[in-house]
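Some notes on the structure that comes next.
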Number of protein chains: 2
Amino acid sequence: MKPPIGIRDVALRADVSVGTVSNVLNRPDVVAAATRERVLAAIAALGYVRNEPARQLRSGTARTLGLVVLDVGNPFFTDVARGVEEAASEAGHAVILCNSGESADRERGHVELLAAQRVHGVLITPVRSGQASPRWLRERGISVVLLDHPTAEPDLCSVAVDDRHGGELAVTHLLAEGCERIVMVTGPAGVHQAAERHRGARDAVRLAGRPPDVLEVLPAPALNVACGLRAGEQLLARAVRPDAVFCANDLLALGLLQATVRAGVRVPEDLAIVGYDDIDFAAAAAVPLTSVRQPRHELGRTAAALVIAESQAPAEHEHRQLVFMPELVVRESSRRPRRAGWP
Amino acid sequence: MKPPIGIRDVALRADVSVGTVSNVLNRPDVVAAATRERVLAAIAALGYVRNEPARQLRSGTARTLGLVVLDVGNPFFTDVARGVEEAASEAGHAVILCNSGESADRERGHVELLAAQRVHGVLITPVRSGQASPRWLRERGISVVLLDHPTAEPDLCSVAVDDRHGGELAVTHLLAEGCERIVMVTGPAGVHQAAERHRGARDAVRLAGRPPDVLEVLPAPALNVACGLRAGEQLLARAVRPDAVFCANDLLALGLLQATVRAGVRVPEDLAIVGYDDIDFAAAAAVPLTSVRQPRHELGRTAAALVIAESQAPAEHEHRQLVFMPELVVRESSRRPRRAGWP
DNA sequence: CTGCCGCGATGAACCGATTCAAACCAGAGC
DNA sequence: GCTCTGGTTTGAATCGGTTCATCGCGGCAG
């Protein structure tokens, strides 16, 4: 099988022209049934596989999507990615998955690479909100959808979840459970999602008519398990411990849970914990974790659908900013025992 | 920025021929410094981005790798993928990540798609051991490396971890801790890795001079948290419970741990648990999980390096079958208290 | 019998970058 | 002054499909 099989080889064997073979592949209906069968037989016999880059070069349309996420190690993003992949392959597209690792430089590198590949469209969770990468792509005629990140710009599609509302849900719940000293563990300063969740948390305090100092902030350098552990140790070292922690992310919450349980702190009796994302490991933790669920799969699916729609009809495309609603899932980690005598 | 910028536009602006622009891009050393600067300036001014598919068509060499894994939801594979991505981008390659979800049909679909893309090489953790997909790719001139799967075939590269030895380590440890009734929770029948770990487990029993019925097998329908939960419930329902469980995978182990802890079983006093893969969540579990660590990152890196090496010099390439050694990481979940009076 | 119609098939031009034989040019050597 | 040399630059051919104007042919109306 040394010489690669091309469309000419197929044409030769089926005794038709190359144009006809191409038609069988792309517009089977214009080819007579008998001819079509003959060509398909030749394709099968030779084991021909279409050269996609050549097709793309001539036709100008790619069958590839780019997906740039903040952290492939975070199950939230892998679930989003699965949704994207599902919708993409239904539409006959491949997905190039890139991991920016929360680094703007790496994001930039991946975006340039995707542009060079002339992908059909790009789904991106930007590292920073400035939208440099999305703009750069659009200037080069590539459709972009912001993923898990809202935008006010009317000329950009976005799919997001209402993080502010999610934060509000979490803290409202903690206040209702009778918590008095809540710490929110957020991410690094630039992370938009974490900042919004914090705003929502403050809203909840205000709406409950409580003084602002009920809620304190503890920033973590990254949104992963290791940083959660460290945050937990910091809190344990305090003279006055909080009675509840709201983490910007389940990874942080799981790390924090580990640190506290190991130190003998009872969860939720001594300390209530709420996470965010409701990843599968949250329910599977030894103390099942209360968390704010996001429709991750739907998020990926709709983002992919939007970018495919946009790139197929760029002219009459209406840019849309979709916002999904999060949902609180209460589990053991935040269910405080009612005081005796209460109903 | 309506009309896409091509190499001709750059040539025109820099007042050189298209050949020279191409040389600046691919063999900068043959171009005079002054000319080179002029061309680079034009590229920057116009915001030119190379059309990779066109390059690939003419030159015949792609800058893209395909990676097909069993389950992107499993942190083991995402860590492997990170290693692959790291090595690939150092060599200037993009990675198309595909998820077979342990389905042979989906694997086949992805493999055909990668072949159509004319990727430079493919790294694949095959769903079945028959090697249909790898062979099919090789017949079409695409380099293949088996990932996390050994092979006896001398004409295929592979990178694997000694699963049999890993299984032996795990069960030897449990026996040394004094466990008498061990259950191994394996995966579905076809999964090669799980089967090897089971063989290793039996080796351990034999080498310790114990009767074979010390070790019992409980197959799970898939290697995920949900199946681990179910397996745990099954074991709890038994009249005679085992005193140790070895899971083919950390996801199973975490699910099982959750089920048992929730039911009030003490880990490790009543039940010792050992997992496999040593994913980050294993250490962060409420009862830190003893596990068999695999060099996942290295696995990905070396596999990528191998496939790049093979596809760059297919002629003199020597196929290699690499096997890494796993390592037991003992944590709380299997550390049984010594009986009083012992040293 | 002739002319027209339309379905199917044809094949050459083309997409954008790479490649390479050939042209070009400046300076060295005779 | 002329040739030779080595470093640069040129431009046409090329990669493998897609596209589309064109052609062949059988059937049908006039």
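Residue names in the structure tokens use chain letters A, B, ... in the order shown, residue numbers from 1 in each chain, and ligand numbers from 1 in the order shown.
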
Inset, instruction - Pull out every residue of chain C that has at least one atom within 7 Å of chain A, counting only C-alpha atoms (C1' of nucleotides), and report them as a count of residues only. - result: 4

Inset, instruction - Compute the chain B side of the contact with chain A at 7 Å, counting only C-alpha atoms, and hand it back as a PyMOL selection string. - result: chain B and resi 1+49-54+57+72-73+75+78+95-97+116-118+139+254-255+258+261+284-286

Inset, instruction - Can you list, as a VMD selection string, all residues belonging to region 111-330 of chain A that DSSP tags as helix (DSSP H, G or I)? - result: chain A and resid 111 to 116 132 to 139 163 to 176 192 to 207 212 to 214 225 to 236 250 to 262 280 to 284 296 to 312

Inset, instruction - Quote the C-alpha RMSD, in Å to one decimal, that results from superposing chain B on chain A by least squares across all C-alpha atoms in order. - result: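 It comes to 0.1 Å after superposition.
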
Inset, instruction - Mind giving me the straight-line distance from CA of Ile142 (chain B) to CA of Arg36 (chain A) in Å, one decimal? - result: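 Spanning CA of Ile142 (chain B) to CA of Arg36 (chain A) is a straight-line distance of 28.6 Å.
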
With a distance threshold of 7 Å and counting only C-alpha atoms (C1' of nucleotides), extract the residues of chain D near chain B and express them as a tab-separated table (two decimals) with N, CA and C atoms (P, O5', C5', C4', C3', O3' and C1' of nucleotides), in the first residue's frame.
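Result file result.tsv:
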```tsv
chain	number	residue	atom	x	y	z
D	8	DT	P	23.20	35.20	1.15
D	8	DT	O5'	22.13	35.91	0.24
D	8	DT	C5'	21.78	35.33	-1.00
D	8	DT	C4'	20.92	36.30	-1.75
D	8	DT	C3'	19.46	36.23	-1.36
D	8	DT	O3'	18.85	37.50	-1.57
D	8	DT	C1'	19.78	35.34	-3.54
D	9	DT	P	17.33	37.76	-1.16
D	9	DT	O5'	16.58	37.47	-2.54
D	9	DT	C5'	16.92	38.22	-3.70
D	9	DT	C4'	16.20	37.66	-4.91
D	9	DT	C3'	14.70	37.45	-4.73
D	9	DT	O3'	14.02	38.26	-5.69
D	9	DT	C1'	15.71	35.57	-5.77
D	10	DT	P	12.43	38.28	-5.75
D	10	DT	O5'	12.21	37.32	-6.99
D	10	DT	C5'	12.90	37.57	-8.20
D	10	DT	C4'	12.63	36.46	-9.20
D	10	DT	C3'	11.15	36.15	-9.42
D	10	DT	O3'	10.84	36.33	-10.79
D	10	DT	C1'	12.40	34.16	-9.08
D	15	DC	P	1.93	16.33	-8.42
D	15	DC	O5'	1.27	16.34	-6.98
D	15	DC	C5'	2.07	16.37	-5.80
D	15	DC	C4'	1.23	16.84	-4.65
D	15	DC	C3'	-0.19	16.30	-4.67
D	15	DC	O3'	-0.29	15.21	-3.76
D	15	DC	C1'	-0.13	18.68	-4.20
```

Inset, instruction - Could you find all residues in region 69-308 of chain B that DSSP calls strand (DSSP E) from the backbone, and write them as a VMD selection string? - result: chain B and resid 69 94 to 99 121 to 124 143 to 147 157 to 161 182 to 186 215 to 219 244 to 247 272 to 277 290 to 293

Generate a file of the selected residues that holds N, CA and C atoms, formatted as a CSV table (one decimal), in the first residue's frame.
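Once written, part.csv looks like this:
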```
chain,number,residue,atom,x,y,z
B,69,VAL,N,-8.4,8.4,23.5
B,69,VAL,CA,-8.4,7.8,24.8
B,69,VAL,C,-9.7,7.1,25.1
B,94,ALA,N,-0.1,20.3,16.9
B,94,ALA,CA,-1.4,20.4,17.6
B,94,ALA,C,-1.9,19.0,17.9
B,95,VAL,N,-2.8,18.9,18.9
B,95,VAL,CA,-3.3,17.6,19.2
B,95,VAL,C,-4.8,17.6,19.0
B,96,ILE,N,-5.3,16.6,18.3
B,96,ILE,CA,-6.7,16.4,18.2
B,96,ILE,C,-7.1,15.3,19.2
B,97,LEU,N,-7.8,15.7,20.3
B,97,LEU,CA,-8.1,14.8,21.3
B,97,LEU,C,-9.5,14.1,21.1
B,98,CYS,N,-9.5,12.8,21.0
B,98,CYS,CA,-10.8,12.1,20.7
B,98,CYS,C,-11.1,11.1,21.9
B,99,ASN,N,-12.3,11.0,22.2
B,99,ASN,CA,-12.8,10.2,23.3
B,99,ASN,C,-13.6,9.0,22.8
B,121,GLY,N,0.6,11.5,13.1
B,121,GLY,CA,0.6,10.2,13.8
B,121,GLY,C,-0.5,10.1,14.8
B,122,VAL,N,-0.8,8.9,15.3
B,122,VAL,CA,-1.9,8.7,16.2
B,122,VAL,C,-1.4,8.0,17.4
B,123,LEU,N,-1.8,8.5,18.6
B,123,LEU,CA,-1.6,7.8,19.8
B,123,LEU,C,-2.9,7.2,20.3
B,124,ILE,N,-3.0,5.9,20.5
B,124,ILE,CA,-4.3,5.4,20.8
B,124,ILE,C,-4.2,4.3,21.9
B,143,SER,N,1.8,6.8,11.2
B,143,SER,CA,2.5,6.2,12.4
B,143,SER,C,1.5,6.1,13.6
B,144,VAL,N,1.7,5.0,14.3
B,144,VAL,CA,0.8,4.7,15.4
B,144,VAL,C,1.7,4.3,16.6
B,145,VAL,N,1.3,4.8,17.8
B,145,VAL,CA,1.9,4.3,19.0
B,145,VAL,C,0.7,3.9,19.9
B,146,LEU,N,0.8,2.7,20.5
B,146,LEU,CA,-0.2,2.2,21.4
B,146,LEU,C,0.1,2.9,22.8
B,147,LEU,N,-0.9,3.4,23.4
B,147,LEU,CA,-0.7,4.1,24.6
B,147,LEU,C,-1.4,3.4,25.8
B,157,CYS,N,5.0,0.5,17.8
B,157,CYS,CA,5.5,1.0,19.0
B,157,CYS,C,4.4,1.0,20.1
B,158,SER,N,4.9,0.8,21.3
B,158,SER,CA,3.9,0.9,22.4
B,158,SER,C,4.5,1.5,23.6
B,159,VAL,N,3.7,2.1,24.5
B,159,VAL,CA,4.2,2.6,25.7
B,159,VAL,C,3.2,2.1,26.8
B,160,ALA,N,3.6,1.4,27.7
B,160,ALA,CA,2.7,0.9,28.7
B,160,ALA,C,3.3,0.9,30.1
B,161,VAL,N,2.5,0.5,31.1
B,161,VAL,CA,2.9,0.4,32.4
B,161,VAL,C,2.7,-1.1,32.8
B,182,ILE,N,-9.8,-11.0,50.4
B,182,ILE,CA,-9.6,-9.9,49.5
B,182,ILE,C,-10.6,-10.0,48.3
B,183,VAL,N,-11.3,-8.9,47.9
B,183,VAL,CA,-12.1,-8.9,46.7
B,183,VAL,C,-11.4,-7.9,45.7
B,184,MET,N,-11.3,-8.4,44.5
B,184,MET,CA,-10.8,-7.4,43.5
B,184,MET,C,-12.0,-7.0,42.6
B,185,VAL,N,-12.2,-5.7,42.5
B,185,VAL,CA,-13.3,-5.2,41.6
B,185,VAL,C,-12.6,-4.9,40.3
B,186,THR,N,-12.9,-5.7,39.3
B,186,THR,CA,-12.3,-5.4,38.0
B,186,THR,C,-13.3,-4.7,37.1
B,215,LEU,N,-8.4,-14.6,47.3
B,215,LEU,CA,-8.8,-13.6,46.3
B,215,LEU,C,-10.0,-13.9,45.5
B,216,GLU,N,-11.0,-13.0,45.6
B,216,GLU,CA,-12.2,-13.3,44.8
B,216,GLU,C,-12.3,-12.1,43.8
B,217,VAL,N,-13.1,-12.3,42.7
B,217,VAL,CA,-13.3,-11.3,41.7
B,217,VAL,C,-14.7,-10.8,41.6
B,218,LEU,N,-14.9,-9.5,41.5
B,218,LEU,CA,-16.2,-8.9,41.3
B,218,LEU,C,-16.1,-8.0,40.1
B,219,PRO,N,-16.6,-8.4,39.0
B,219,PRO,CA,-16.5,-7.5,37.8
B,219,PRO,C,-17.5,-6.3,37.9
B,244,ALA,N,-10.8,-6.7,52.7
B,244,ALA,CA,-10.0,-5.8,51.9
B,244,ALA,C,-10.5,-5.8,50.4
B,245,VAL,N,-10.5,-4.6,49.8
B,245,VAL,CA,-10.9,-4.6,48.4
B,245,VAL,C,-9.8,-3.9,47.6
B,246,PHE,N,-9.5,-4.5,46.4
B,246,PHE,CA,-8.5,-3.9,45.5
B,246,PHE,C,-9.3,-3.6,44.2
B,247,CYS,N,-9.3,-2.3,43.9
B,247,CYS,CA,-10.1,-1.8,42.8
B,247,CYS,C,-9.2,-1.6,41.6
B,272,ALA,N,-10.0,-2.6,54.3
B,272,ALA,CA,-8.9,-1.9,53.7
B,272,ALA,C,-9.2,-1.7,52.2
B,273,ILE,N,-8.8,-0.6,51.6
B,273,ILE,CA,-9.1,-0.3,50.2
B,273,ILE,C,-7.9,0.2,49.5
B,274,VAL,N,-7.6,-0.4,48.3
B,274,VAL,CA,-6.5,0.0,47.5
B,274,VAL,C,-7.1,0.3,46.1
B,275,GLY,N,-6.7,1.4,45.5
B,275,GLY,CA,-7.1,1.8,44.2
B,275,GLY,C,-6.0,1.7,43.2
B,276,TYR,N,-6.1,2.3,42.0
B,276,TYR,CA,-5.1,2.2,41.0
B,276,TYR,C,-5.2,3.4,40.1
B,277,ASP,N,-4.0,4.0,39.9
B,277,ASP,CA,-3.8,5.2,39.1
B,277,ASP,C,-3.2,6.4,39.9
B,290,THR,N,-4.9,4.6,49.4
B,290,THR,CA,-3.7,3.9,48.9
B,290,THR,C,-3.9,3.5,47.5
B,291,SER,N,-2.9,3.7,46.7
B,291,SER,CA,-3.1,3.5,45.2
B,291,SER,C,-1.8,3.1,44.5
B,292,VAL,N,-1.9,2.6,43.3
B,292,VAL,CA,-0.7,2.3,42.6
B,292,VAL,C,-0.5,3.4,41.6
B,293,ARG,N,0.6,4.1,41.7
B,293,ARG,CA,0.9,5.3,40.9
B,293,ARG,C,1.5,4.9,39.6
```
